[in-house]
file final_26.cif (mmCIF, C-alpha atoms)
data_protein
#
loop_
_atom_site.label_atom_id
_atom_site.label_comp_id
_atom_site.auth_asym_id
_atom_site.auth_seq_id
_atom_site.Cartn_x
_atom_site.Cartn_y
_atom_site.Cartn_z
CA MET A 1 21.35 -15.17 15.78
CA ALA A 2 23.93 -15.21 13.00
CA GLU A 3 25.52 -11.89 12.20
CA SER A 4 24.12 -10.30 9.09
CA ALA A 5 24.95 -7.20 7.10
CA SER A 6 22.81 -4.21 8.01
CA TYR A 7 21.75 -0.87 6.61
CA VAL A 8 23.01 1.99 8.73
CA PRO A 9 20.17 3.76 10.59
CA THR A 10 19.82 7.47 9.88
CA ASP A 11 17.76 10.24 11.39
CA ARG A 12 14.88 9.48 9.06
CA THR A 13 14.97 5.69 9.32
CA VAL A 14 14.81 5.61 13.11
CA PRO A 15 11.10 5.78 13.99
CA THR A 16 9.93 8.31 16.54
CA ARG A 17 7.91 5.56 18.24
CA SER A 18 7.91 1.76 18.59
CA ARG A 19 11.64 1.60 17.91
CA ASP A 20 11.67 -2.03 19.00
CA ARG A 21 9.70 -2.83 15.84
CA ALA A 22 12.41 -1.47 13.55
CA ALA A 23 15.06 -3.61 11.85
CA TYR A 24 17.91 -2.78 9.49
CA ASP A 25 19.48 -6.13 8.62
CA HIS A 26 19.57 -7.09 4.96
CA GLU A 27 17.85 -10.40 5.59
CA THR A 28 14.73 -8.88 7.14
CA VAL A 29 14.55 -6.00 4.67
CA HIS A 30 15.06 -8.16 1.59
CA ALA A 31 12.55 -10.79 2.72
CA ILE A 32 9.84 -8.14 3.08
CA LEU A 33 10.68 -6.59 -0.29
CA ASP A 34 10.82 -9.98 -2.01
CA ALA A 35 7.41 -10.98 -0.67
CA GLY A 36 5.71 -8.16 -2.60
CA TYR A 37 5.36 -6.55 -5.98
CA VAL A 38 3.27 -3.40 -5.37
CA CYS A 39 4.97 -0.45 -3.71
CA HIS A 40 3.87 3.08 -2.95
CA LEU A 41 6.19 5.58 -4.60
CA GLY A 42 6.36 9.03 -3.04
CA PHE A 43 7.87 12.10 -4.64
CA VAL A 44 7.47 15.86 -4.41
CA ARG A 45 5.75 17.87 -7.11
CA ASP A 46 5.46 21.65 -6.83
CA GLY A 47 6.29 21.33 -3.14
CA ALA A 48 3.48 18.86 -2.41
CA PRO A 49 3.74 15.12 -1.83
CA VAL A 50 2.46 12.59 -4.38
CA VAL A 51 2.02 8.89 -3.56
CA LEU A 52 1.31 6.44 -6.38
CA PRO A 53 1.01 2.66 -6.35
CA THR A 54 3.27 0.92 -8.85
CA LEU A 55 5.24 -2.27 -9.43
CA TYR A 56 8.80 -2.89 -8.30
CA GLY A 57 11.48 -5.52 -8.28
CA ARG A 58 14.67 -5.96 -6.29
CA VAL A 59 18.04 -6.89 -7.77
CA GLU A 60 20.63 -7.24 -5.01
CA ASP A 61 20.94 -3.82 -3.40
CA ARG A 62 18.88 -1.98 -5.98
CA LEU A 63 15.18 -1.40 -6.26
CA TYR A 64 13.60 -0.89 -9.69
CA VAL A 65 10.28 0.90 -9.83
CA HIS A 66 8.00 0.83 -12.84
CA GLY A 67 6.49 3.77 -14.66
CA SER A 68 5.85 4.73 -18.22
CA THR A 69 7.79 7.19 -20.29
CA GLY A 70 4.86 9.61 -19.96
CA SER A 71 4.37 9.37 -16.20
CA ARG A 72 5.23 12.30 -13.99
CA PRO A 73 7.89 10.77 -11.69
CA LEU A 74 9.67 9.30 -14.68
CA ARG A 75 9.67 12.57 -16.56
CA MET A 76 10.89 14.29 -13.44
CA ALA A 77 13.67 11.75 -12.89
CA GLY A 78 14.57 12.07 -16.53
CA ALA A 79 14.51 15.84 -16.53
CA ALA A 80 16.63 15.98 -13.44
CA LYS A 81 18.90 13.12 -14.41
CA ASP A 82 22.03 14.43 -12.80
CA PRO A 83 20.61 15.34 -9.42
CA GLY A 84 17.97 12.56 -9.68
CA LEU A 85 14.52 12.50 -8.10
CA PRO A 86 14.21 12.30 -4.30
CA VAL A 87 11.77 9.50 -3.57
CA CYS A 88 10.44 7.37 -0.77
CA VAL A 89 9.34 3.85 -1.66
CA THR A 90 7.23 1.92 0.84
CA VAL A 91 6.17 -1.72 0.76
CA THR A 92 3.60 -2.98 3.25
CA HIS A 93 2.18 -6.44 3.97
CA VAL A 94 -0.81 -6.75 6.32
CA ASP A 95 -0.72 -9.97 8.35
CA GLY A 96 -3.55 -9.60 10.84
CA LEU A 97 -6.15 -7.45 12.52
CA VAL A 98 -5.33 -7.03 16.19
CA LEU A 99 -8.51 -6.73 18.24
CA ALA A 100 -8.07 -5.46 21.76
CA ARG A 101 -10.76 -5.00 24.41
CA SER A 102 -10.23 -1.25 24.17
CA ALA A 103 -10.70 0.71 20.95
CA PHE A 104 -7.39 2.45 21.73
CA HIS A 105 -5.29 -0.74 21.59
CA HIS A 106 -6.61 -1.96 18.26
CA SER A 107 -3.76 -2.47 15.84
CA ILE A 108 -2.54 -4.26 12.75
CA ASN A 109 0.11 -6.92 12.40
CA TYR A 110 2.25 -5.96 9.44
CA ARG A 111 5.66 -5.99 7.82
CA SER A 112 6.82 -2.88 6.01
CA VAL A 113 9.95 -1.47 4.43
CA VAL A 114 10.60 2.22 3.81
CA VAL A 115 13.36 3.22 1.40
CA HIS A 116 14.57 6.81 1.15
CA GLY A 117 16.84 7.96 -1.60
CA VAL A 118 17.36 9.50 -4.96
CA ALA A 119 16.02 7.70 -8.01
CA TYR A 120 17.51 7.74 -11.49
CA GLU A 121 15.98 6.70 -14.75
CA VAL A 122 17.46 3.44 -16.05
CA ILE A 123 19.11 4.09 -19.42
CA ASP A 124 21.40 1.10 -19.93
CA GLU A 125 19.63 -1.53 -22.01
CA ALA A 126 21.03 -4.60 -20.28
CA GLU A 127 20.17 -3.15 -16.88
CA LYS A 128 16.67 -2.32 -18.11
CA ARG A 129 16.11 -5.88 -19.33
CA ALA A 130 17.30 -7.37 -16.04
CA ALA A 131 15.12 -4.93 -14.09
CA LEU A 132 12.03 -5.74 -16.17
CA ASP A 133 12.65 -9.45 -15.56
CA ALA A 134 12.89 -8.74 -11.84
CA LEU A 135 9.59 -6.85 -11.91
CA VAL A 136 7.80 -9.66 -13.73
CA ASP A 137 9.30 -12.29 -11.43
CA HIS A 138 8.21 -10.30 -8.36
CA VAL A 139 4.65 -10.45 -9.66
CA LEU A 140 4.97 -14.17 -10.33
CA PRO A 141 8.24 -16.04 -9.70
CA GLY A 142 9.27 -17.96 -12.81
CA ARG A 143 7.19 -15.89 -15.21
CA ALA A 144 9.93 -13.77 -16.80
CA ALA A 145 11.50 -16.83 -18.45
CA ASP A 146 8.06 -17.99 -19.64
CA SER A 147 6.97 -14.93 -21.61
CA ARG A 148 8.17 -13.10 -24.70
CA PRO A 149 11.02 -10.71 -23.80
CA ALA A 150 10.54 -7.04 -24.62
CA ASN A 151 11.56 -5.98 -28.11
CA ALA A 152 13.46 -2.75 -28.76
CA LYS A 153 10.30 -0.66 -29.16
CA GLU A 154 8.75 -2.00 -25.95
CA LEU A 155 11.98 -1.52 -24.05
CA ALA A 156 12.07 2.10 -25.19
CA ALA A 157 8.46 2.52 -24.02
CA THR A 158 9.23 1.03 -20.62
CA ALA A 159 10.48 3.51 -18.09
CA LEU A 160 12.11 2.31 -14.92
CA ILE A 161 13.74 4.17 -12.10
CA ARG A 162 16.49 2.76 -9.93
CA LEU A 163 16.83 3.42 -6.24
CA ASP A 164 19.83 2.08 -4.36
CA LEU A 165 19.05 0.39 -1.06
CA ARG A 166 21.06 2.49 1.37
CA GLU A 167 18.74 4.39 3.65
CA VAL A 168 16.33 1.61 4.50
CA SER A 169 14.36 0.34 7.45
CA ALA A 170 11.92 -2.46 8.11
CA LYS A 171 9.15 -2.33 10.67
CA THR A 172 7.22 -5.33 11.91
CA ARG A 173 4.42 -5.90 14.38
CA THR A 174 3.51 -9.43 15.41
CA GLY A 175 1.56 -11.04 18.24
CA GLY A 176 -1.65 -10.42 20.10
CA PRO A 177 -3.28 -7.32 21.55
CA ASN A 178 -1.66 -5.37 24.38
CA ASP A 179 -4.65 -4.81 26.59
CA GLU A 180 -4.63 -2.85 29.82
CA PRO A 181 -4.70 -5.18 32.87
CA GLU A 182 -7.96 -3.63 34.07
CA ASP A 183 -9.63 -4.44 30.74
CA LEU A 184 -8.99 -8.19 30.80
CA SER A 185 -12.34 -9.02 32.38
CA LEU A 186 -14.39 -6.99 29.91
CA PRO A 187 -16.82 -9.07 27.83
CA TYR A 188 -15.17 -8.24 24.49
CA TRP A 189 -13.49 -10.90 22.38
CA SER A 190 -9.84 -10.12 21.81
CA GLY A 191 -7.19 -11.68 19.66
CA VAL A 192 -5.92 -11.63 16.12
CA LEU A 193 -7.73 -12.21 12.85
CA PRO A 194 -5.00 -13.38 10.43
CA VAL A 195 -5.12 -12.05 6.88
CA SER A 196 -3.11 -12.91 3.81
CA PRO A 197 -3.45 -12.51 0.07
CA VAL A 198 -4.99 -15.61 -1.45
CA TYR A 199 -4.80 -16.43 -5.13
CA GLY A 200 -7.86 -17.87 -6.84
CA THR A 201 -8.46 -20.06 -9.86
CA PRO A 202 -6.59 -18.72 -12.91
CA ILE A 203 -8.89 -17.14 -15.51
CA PRO A 204 -7.54 -17.92 -19.00
CA ALA A 205 -7.54 -15.08 -21.54
CA ASP A 206 -10.49 -15.18 -23.98
CA ASP A 207 -8.06 -15.74 -26.82
CA LEU A 208 -5.96 -18.44 -25.14
CA ALA A 209 -5.31 -21.42 -27.39
CA PRO A 210 -7.38 -24.41 -26.21
CA GLY A 211 -5.35 -27.05 -24.44
CA LEU A 212 -2.61 -24.73 -23.20
CA PRO A 213 -2.38 -25.64 -19.52
CA ALA A 214 -1.77 -23.17 -16.69
CA PRO A 215 1.93 -23.40 -15.81
CA ALA A 216 3.15 -24.94 -12.57
CA TYR A 217 4.42 -21.63 -11.16
CA LEU A 218 0.82 -20.36 -11.20
CA ALA A 219 -0.28 -23.16 -8.93
CA ALA A 220 2.62 -22.31 -6.61
CA ARG A 221 0.88 -19.01 -5.85
CA MET B 1 -26.21 4.86 -15.02
CA ALA B 2 -27.77 7.08 -12.38
CA GLU B 3 -26.22 10.48 -12.02
CA SER B 4 -23.91 10.77 -9.06
CA ALA B 5 -22.00 13.58 -7.41
CA SER B 6 -18.39 13.83 -8.49
CA TYR B 7 -15.13 15.33 -7.35
CA VAL B 8 -13.84 17.96 -9.74
CA PRO B 9 -10.74 16.80 -11.63
CA THR B 10 -7.67 18.99 -11.22
CA ASP B 11 -4.30 19.11 -12.87
CA ARG B 12 -2.90 16.66 -10.37
CA THR B 13 -5.82 14.23 -10.30
CA VAL B 14 -5.91 13.73 -14.08
CA PRO B 15 -3.39 10.97 -14.83
CA THR B 16 -0.81 11.51 -17.54
CA ARG B 17 -1.64 8.07 -18.94
CA SER B 18 -4.52 5.55 -18.94
CA ARG B 19 -7.07 8.34 -18.41
CA ASP B 20 -9.87 5.91 -19.19
CA ARG B 21 -9.05 4.16 -15.91
CA ALA B 22 -9.71 7.29 -13.83
CA ALA B 23 -13.01 8.05 -12.06
CA TYR B 24 -14.16 10.93 -9.89
CA ASP B 25 -17.69 10.02 -8.80
CA HIS B 26 -18.33 9.77 -5.09
CA GLU B 27 -19.74 6.26 -5.38
CA THR B 28 -16.61 4.76 -6.92
CA VAL B 29 -14.22 6.71 -4.69
CA HIS B 30 -16.07 5.96 -1.46
CA ALA B 31 -16.45 2.25 -2.28
CA ILE B 32 -12.69 1.90 -2.76
CA LEU B 33 -11.94 3.82 0.44
CA ASP B 34 -14.52 1.87 2.43
CA ALA B 35 -13.10 -1.47 1.31
CA GLY B 36 -9.79 -0.77 3.05
CA TYR B 37 -8.22 0.30 6.30
CA VAL B 38 -4.51 0.72 5.51
CA CYS B 39 -3.45 3.78 3.53
CA HIS B 40 -0.07 5.17 2.54
CA LEU B 41 0.36 8.68 3.88
CA GLY B 42 2.80 10.91 2.04
CA PHE B 43 4.19 14.19 3.30
CA VAL B 44 7.28 16.31 2.77
CA ARG B 45 10.01 16.54 5.36
CA ASP B 46 13.04 18.76 4.78
CA GLY B 47 12.14 18.86 1.09
CA ALA B 48 12.08 15.07 0.69
CA PRO B 49 9.06 12.78 0.41
CA VAL B 50 8.08 10.41 3.22
CA VAL B 51 5.54 7.59 2.73
CA LEU B 52 4.26 5.71 5.77
CA PRO B 53 1.59 3.01 6.07
CA THR B 54 -1.09 3.81 8.61
CA LEU B 55 -4.77 3.28 9.39
CA TYR B 56 -7.60 5.47 8.18
CA GLY B 57 -11.34 5.79 8.27
CA ARG B 58 -13.84 7.76 6.21
CA VAL B 59 -16.69 9.82 7.64
CA GLU B 60 -18.74 11.30 4.80
CA ASP B 61 -16.44 13.63 2.89
CA ARG B 62 -13.60 13.49 5.39
CA LEU B 63 -10.71 11.09 5.76
CA TYR B 64 -9.18 10.52 9.19
CA VAL B 65 -5.65 9.19 9.32
CA HIS B 66 -4.08 7.68 12.40
CA GLY B 67 -0.81 8.61 14.00
CA SER B 68 0.51 9.01 17.48
CA THR B 69 1.17 12.23 19.28
CA GLY B 70 4.89 11.59 18.87
CA SER B 71 4.91 10.75 15.17
CA ARG B 72 6.46 13.14 12.69
CA PRO B 73 3.47 13.94 10.44
CA LEU B 74 1.31 14.59 13.47
CA ARG B 75 3.86 16.87 15.08
CA MET B 76 4.23 18.65 11.76
CA ALA B 77 0.47 19.04 11.33
CA GLY B 78 0.27 20.26 14.91
CA ALA B 79 3.18 22.65 14.59
CA ALA B 80 1.77 24.08 11.40
CA LYS B 81 -1.82 24.03 12.55
CA ASP B 82 -2.97 27.10 10.73
CA PRO B 83 -1.49 26.33 7.33
CA GLY B 84 -1.87 22.57 7.88
CA LEU B 85 0.28 19.78 6.46
CA PRO B 86 0.19 19.10 2.71
CA VAL B 87 -0.36 15.37 2.31
CA CYS B 88 -1.20 12.74 -0.25
CA VAL B 89 -3.12 9.69 0.97
CA THR B 90 -3.30 6.64 -1.28
CA VAL B 91 -5.36 3.48 -0.84
CA THR B 92 -4.72 0.50 -3.12
CA HIS B 93 -6.43 -2.87 -3.50
CA VAL B 94 -4.82 -5.52 -5.68
CA ASP B 95 -7.39 -7.71 -7.45
CA GLY B 96 -5.37 -9.80 -9.84
CA LEU B 97 -2.10 -10.52 -11.61
CA VAL B 98 -2.45 -9.94 -15.33
CA LEU B 99 -0.23 -12.31 -17.28
CA ALA B 100 0.30 -11.45 -20.92
CA ARG B 101 2.29 -13.41 -23.50
CA SER B 102 4.79 -10.55 -23.59
CA ALA B 103 6.71 -9.37 -20.53
CA PHE B 104 5.84 -5.82 -21.58
CA HIS B 105 2.05 -6.26 -21.24
CA HIS B 106 2.12 -7.78 -17.78
CA SER B 107 -0.02 -5.75 -15.43
CA ILE B 108 -2.06 -5.73 -12.24
CA ASN B 109 -5.79 -5.44 -11.77
CA TYR B 110 -6.34 -2.96 -8.99
CA ARG B 111 -8.52 -0.26 -7.49
CA SER B 112 -6.86 2.78 -5.99
CA VAL B 113 -7.76 6.20 -4.67
CA VAL B 114 -5.39 9.13 -4.38
CA VAL B 115 -6.35 12.07 -2.17
CA HIS B 116 -4.42 15.34 -2.27
CA GLY B 117 -4.94 18.04 0.29
CA VAL B 118 -3.96 19.72 3.48
CA ALA B 119 -4.33 17.79 6.71
CA TYR B 120 -5.13 19.25 10.11
CA GLU B 121 -4.80 17.68 13.51
CA VAL B 122 -8.17 16.78 15.02
CA ILE B 123 -8.62 18.71 18.26
CA ASP B 124 -12.35 18.56 18.94
CA GLU B 125 -13.11 15.69 21.31
CA ALA B 126 -16.42 14.61 19.76
CA GLU B 127 -14.90 14.62 16.29
CA LYS B 128 -11.94 12.63 17.57
CA ARG B 129 -14.21 9.99 19.09
CA ALA B 130 -16.25 9.65 15.92
CA ALA B 131 -13.07 9.42 13.85
CA LEU B 132 -11.58 6.73 16.10
CA ASP B 133 -14.82 4.74 15.79
CA ALA B 134 -14.58 5.07 12.01
CA LEU B 135 -10.99 3.81 12.06
CA VAL B 136 -11.88 0.78 14.18
CA ASP B 137 -14.95 0.03 12.04
CA HIS B 138 -12.85 0.22 8.87
CA VAL B 139 -10.58 -2.46 10.31
CA LEU B 140 -13.59 -4.57 11.27
CA PRO B 141 -17.15 -3.36 10.67
CA GLY B 142 -19.16 -3.57 13.88
CA ARG B 143 -16.15 -3.61 16.16
CA ALA B 144 -16.27 -0.01 17.47
CA ALA B 145 -19.53 -0.67 19.32
CA ASP B 146 -18.12 -3.93 20.72
CA SER B 147 -15.03 -2.60 22.47
CA ARG B 148 -14.30 -0.26 25.35
CA PRO B 149 -14.39 3.39 24.17
CA ALA B 150 -11.26 5.47 24.70
CA ASN B 151 -10.98 7.22 28.05
CA ALA B 152 -9.75 10.80 28.35
CA LYS B 153 -6.11 9.80 28.70
CA GLU B 154 -6.24 7.49 25.67
CA LEU B 155 -8.05 10.07 23.61
CA ALA B 156 -5.32 12.59 24.43
CA ALA B 157 -2.69 10.04 23.39
CA THR B 158 -4.45 9.36 20.07
CA ALA B 159 -3.50 11.72 17.32
CA LEU B 160 -5.59 11.91 14.20
CA ILE B 161 -5.35 14.11 11.18
CA ARG B 162 -8.30 15.09 9.02
CA LEU B 163 -8.16 15.48 5.29
CA ASP B 164 -11.21 16.71 3.41
CA LEU B 165 -12.10 14.74 0.30
CA ARG B 166 -11.94 17.42 -2.38
CA GLU B 167 -9.07 16.71 -4.72
CA VAL B 168 -9.62 13.01 -5.23
CA SER B 169 -9.40 10.46 -7.99
CA ALA B 170 -9.95 6.74 -8.33
CA LYS B 171 -8.14 4.52 -10.77
CA THR B 172 -9.21 1.01 -11.67
CA ARG B 173 -7.90 -1.69 -13.97
CA THR B 174 -10.01 -4.76 -14.69
CA GLY B 175 -10.08 -7.50 -17.29
CA GLY B 176 -7.58 -9.68 -19.08
CA PRO B 177 -4.23 -9.02 -20.72
CA ASN B 178 -3.92 -6.77 -23.77
CA ASP B 179 -1.63 -8.86 -25.92
CA GLU B 180 -0.29 -7.85 -29.30
CA PRO B 181 -2.12 -9.66 -32.13
CA GLU B 182 1.12 -11.22 -33.34
CA ASP B 183 1.74 -12.72 -29.88
CA LEU B 184 -1.51 -14.68 -29.65
CA SER B 185 -0.03 -17.88 -31.04
CA LEU B 186 2.94 -17.91 -28.67
CA PRO B 187 3.03 -20.92 -26.33
CA TYR B 188 2.72 -18.86 -23.13
CA TRP B 189 -0.30 -19.15 -20.88
CA SER B 190 -2.08 -15.82 -20.49
CA GLY B 191 -4.90 -14.66 -18.33
CA VAL B 192 -5.55 -13.35 -14.85
CA LEU B 193 -4.67 -14.82 -11.48
CA PRO B 194 -7.24 -13.34 -9.07
CA VAL B 195 -6.03 -12.26 -5.65
CA SER B 196 -7.88 -11.05 -2.59
CA PRO B 197 -7.21 -10.74 1.12
CA VAL B 198 -8.49 -13.79 2.94
CA TYR B 199 -9.09 -13.86 6.67
CA GLY B 200 -8.11 -16.96 8.61
CA THR B 201 -9.26 -18.59 11.82
CA PRO B 202 -9.35 -16.05 14.67
CA ILE B 203 -6.56 -16.54 17.21
CA PRO B 204 -7.91 -15.74 20.71
CA ALA B 205 -5.67 -13.67 22.99
CA ASP B 206 -3.74 -15.76 25.53
CA ASP B 207 -5.64 -14.04 28.33
CA LEU B 208 -9.11 -14.36 26.79
CA ALA B 209 -11.70 -15.63 29.28
CA PRO B 210 -12.65 -19.23 28.41
CA GLY B 211 -16.05 -19.55 26.81
CA LEU B 212 -16.13 -16.06 25.25
CA PRO B 213 -17.10 -16.79 21.66
CA ALA B 214 -15.75 -14.96 18.62
CA PRO B 215 -18.37 -12.39 17.60
CA ALA B 216 -20.47 -12.75 14.43
CA TYR B 217 -18.83 -9.75 12.72
CA LEU B 218 -15.52 -11.65 12.80
CA ALA B 219 -17.00 -14.49 10.81
CA ALA B 220 -18.35 -11.93 8.31
CA ARG B 221 -14.75 -11.19 7.33
#
call {"tool": "encode", "arguments": {"input": "final_26.cif", "output": "structure tokens"}}
result
Amino acid sequence: MAESASYVPTDRTVPTRSRDRAAYDHETVHAILDAGYVCHLGFVRDGAPVVLPTLYGRVEDRLYVHGSTGSRPLRMAGAAKDPGLPVCVTVTHVDGLVLARSAFHHSINYRSVVVHGVAYEVIDEAEKRAALDALVDHVLPGRAADSRPANAKELAATALIRLDLREVSAKTRTGGPNDEPEDLSLPYWSGVLPVSPVYGTPIPADDLAPGLPAPAYLAAR
Amino acid sequence: MAESASYVPTDRTVPTRSRDRAAYDHETVHAILDAGYVCHLGFVRDGAPVVLPTLYGRVEDRLYVHGSTGSRPLRMAGAAKDPGLPVCVTVTHVDGLVLARSAFHHSINYRSVVVHGVAYEVIDEAEKRAALDALVDHVLPGRAADSRPANAKELAATALIRLDLREVSAKTRTGGPNDEPEDLSLPYWSGVLPVSPVYGTPIPADDLAPGLPAPAYLAAR
């Protein structure tokens, strides 16, 4: 394998179990992040954890996570601008259901990335525009250039937080079930049921002008 | 609409924005939970948030979340058995990409449930068995009865935490884009690209006995 830059493992990015499933190289981590658009953003509020689904985009070694100016994590990141907001951002793709003969060995094939760090509200306008483009292009590659860019009012109403990719790990499970040798003759089917997100037929907006065709990048999904 | 039992909204289950998307009735919450099997479990470690993907199952008004006896949240729930482990468990289904004429109004159709509470390690053997069945049946309905039940050693090696459904909210977005009136004539396609998980052809384990057919509940996925 070619050498590749890697994130440095830390106490909290080395899993307590299944360490062989962990990876830290940029290539693996970025590929998992780039394959998604919904993350789960964790932060602490009054000492208790909060986990919210939201949109994200990656730009090089930075992750941008979407909120609104009124949302709690954004207000917290804004209020604590200097120290920032400690967050954990997790992205997970499910690739298959792993069916073993034993209930115990049932599992899931997946790819996930966990990012720990401190998030800051994005203030710079140029950075905000680039981050918003990245978010839109994560949802649908090619879409940012084929939509009306945010105006000043919309940009002000868009709140984004930035999280540098430093303390990062990927975790991946692939392959079939790991049954116990003594279970192999049991009369239970075992194997993997693959699963992936599938995109359906585009539903035009009610007010879409007649004759405006669905763009090619939609079909690519 | 028929009356239905509801979870009582609290300060942290009432969203700061898009309150019209929030729901608290058991029917909506349970349907979203029952449609999934992967959750994102959030907890606090050394003052910082941690979000990990894991499996879960629902049994009536209780959520069971999977771990291993060596994993951090489980050790923390075990170590702090009396006070329990404050957690936030979030389940998200993505239903569509919402493409507006403006970058700003891009969105996602989704269904999500956020559960706040204190989790406890499951100790009771009968409860543990029922919870493990629920987990397996969330992954694939009908599978728990068609696999070898856990033996005593496996049950001891399975760690589950229980979280009562009390402080719970659902959030749902449906429908098309909400474009600005002045954007309607712009030459950008707008509408929704539906997305759903699709299950592929089952891949039998390498060591599966020849002639053992894939069960009917697999095809139902």
call {"tool": "residues_near_point", "arguments": {"input": "final_26.cif", "point": "(-3.0, -9.7, 6.0)", "cutoff": "12 Å", "atoms": "only C-alpha atoms", "output": "PyMOL selection string"}}
result
(chain A and resi 92-98+108-112+173-174+192-198) or (chain B and resi 36-38+139+196-200+221)
call {"tool": "resolve_selection", "arguments": {"input": "final_26.cif", "expression": "the PyMOL selection byres ((chain A and resi 162-166) around 10)", "output": "ChimeraX atom specification"}}
result
/A:6-10,26,29-30,56-66,77,84-89,114-123,127-128,131,160-161,167-169
call {"tool": "atom_distance", "arguments": {"input": "final_26.cif", "atom1": "atom CA of B:Pro49", "atom2": "atom CA of A:Thr54"}}
result
16.1 Å
call {"tool": "atom_distance", "arguments": {"input": "final_26.cif", "atom1": "atom CA of A:Leu155", "atom2": "atom CA of B:Pro181"}}
result
18.2 Å
call {"tool": "resolve_selection", "arguments": {"input": "final_26.cif", "expression": "the PyMOL selection byres ((chain A and resi 22) around 7)", "output": "ChimeraX atom specification"}}
result
/A:19-21,23-24,169-172
call {"tool": "closest_residue", "arguments": {"input": "final_26.cif", "among": "A:Pro202, A:Pro15, A:Gly191, A:Pro53", "to": "B:Ala214", "atoms": "all atoms listed in the file"}}
result
A:Gly191
call {"tool": "atom_distance", "arguments": {"input": "final_26.cif", "atom1": "atom CA of B:Ile203", "atom2": "atom CA of A:Phe104"}}
result
19.5 Å
call {"tool": "closest_residue", "arguments": {"input": "final_26.cif", "among": "B:Ser18, B:Ser4, B:Ser102, B:Thr13", "to": "chain A", "atoms": "all atoms listed in the file"}}
result
B:Ser102
call {"tool": "residues_around", "arguments": {"input": "final_26.cif", "residues": "B:Pro213", "least_positions_apart": "6", "cutoff": "12 Å", "atoms": "all atoms listed in the file", "output": "ChimeraX atom specification"}}
result
/A:187-191 /B:202-205,219
call {"tool": "closest_residue", "arguments": {"input": "final_26.cif", "among": "B:Ala126, B:Leu186, B:Leu33, B:Ala220", "to": "B:Ala100", "atoms": "all atoms listed in the file"}}
result
B:Leu186
call {"tool": "closest_residue", "arguments": {"input": "final_26.cif", "among": "A:Arg17, A:Lys153, A:Arg101, A:His106", "to": "B:Leu208", "atoms": "all atoms listed in the file"}}
result
A:Arg101
call {"tool": "closest_residue", "arguments": {"input": "final_26.cif", "among": "B:His105, B:Arg45, B:His40, B:Arg129", "to": "B:Val91", "atoms": "all atoms listed in the file"}}
result
B:His40
call {"tool": "closest_residue", "arguments": {"input": "final_26.cif", "among": "A:Val50, A:Glu125, A:Ala216, A:Asn178", "to": "chain B", "atoms": "all atoms listed in the file"}}
result
A:Val50
call {"tool": "axis_aligned_box", "arguments": {"input": "final_26.cif", "around": "stretch 109-123 of chain A", "padding_each_side": "3 Å", "output": "AutoDock Vina command-line options"}}
result
--center_x 9.6 --center_y 1.3 --center_z -3.5 --size_x 25.0 --size_y 22.4 --size_z 37.8
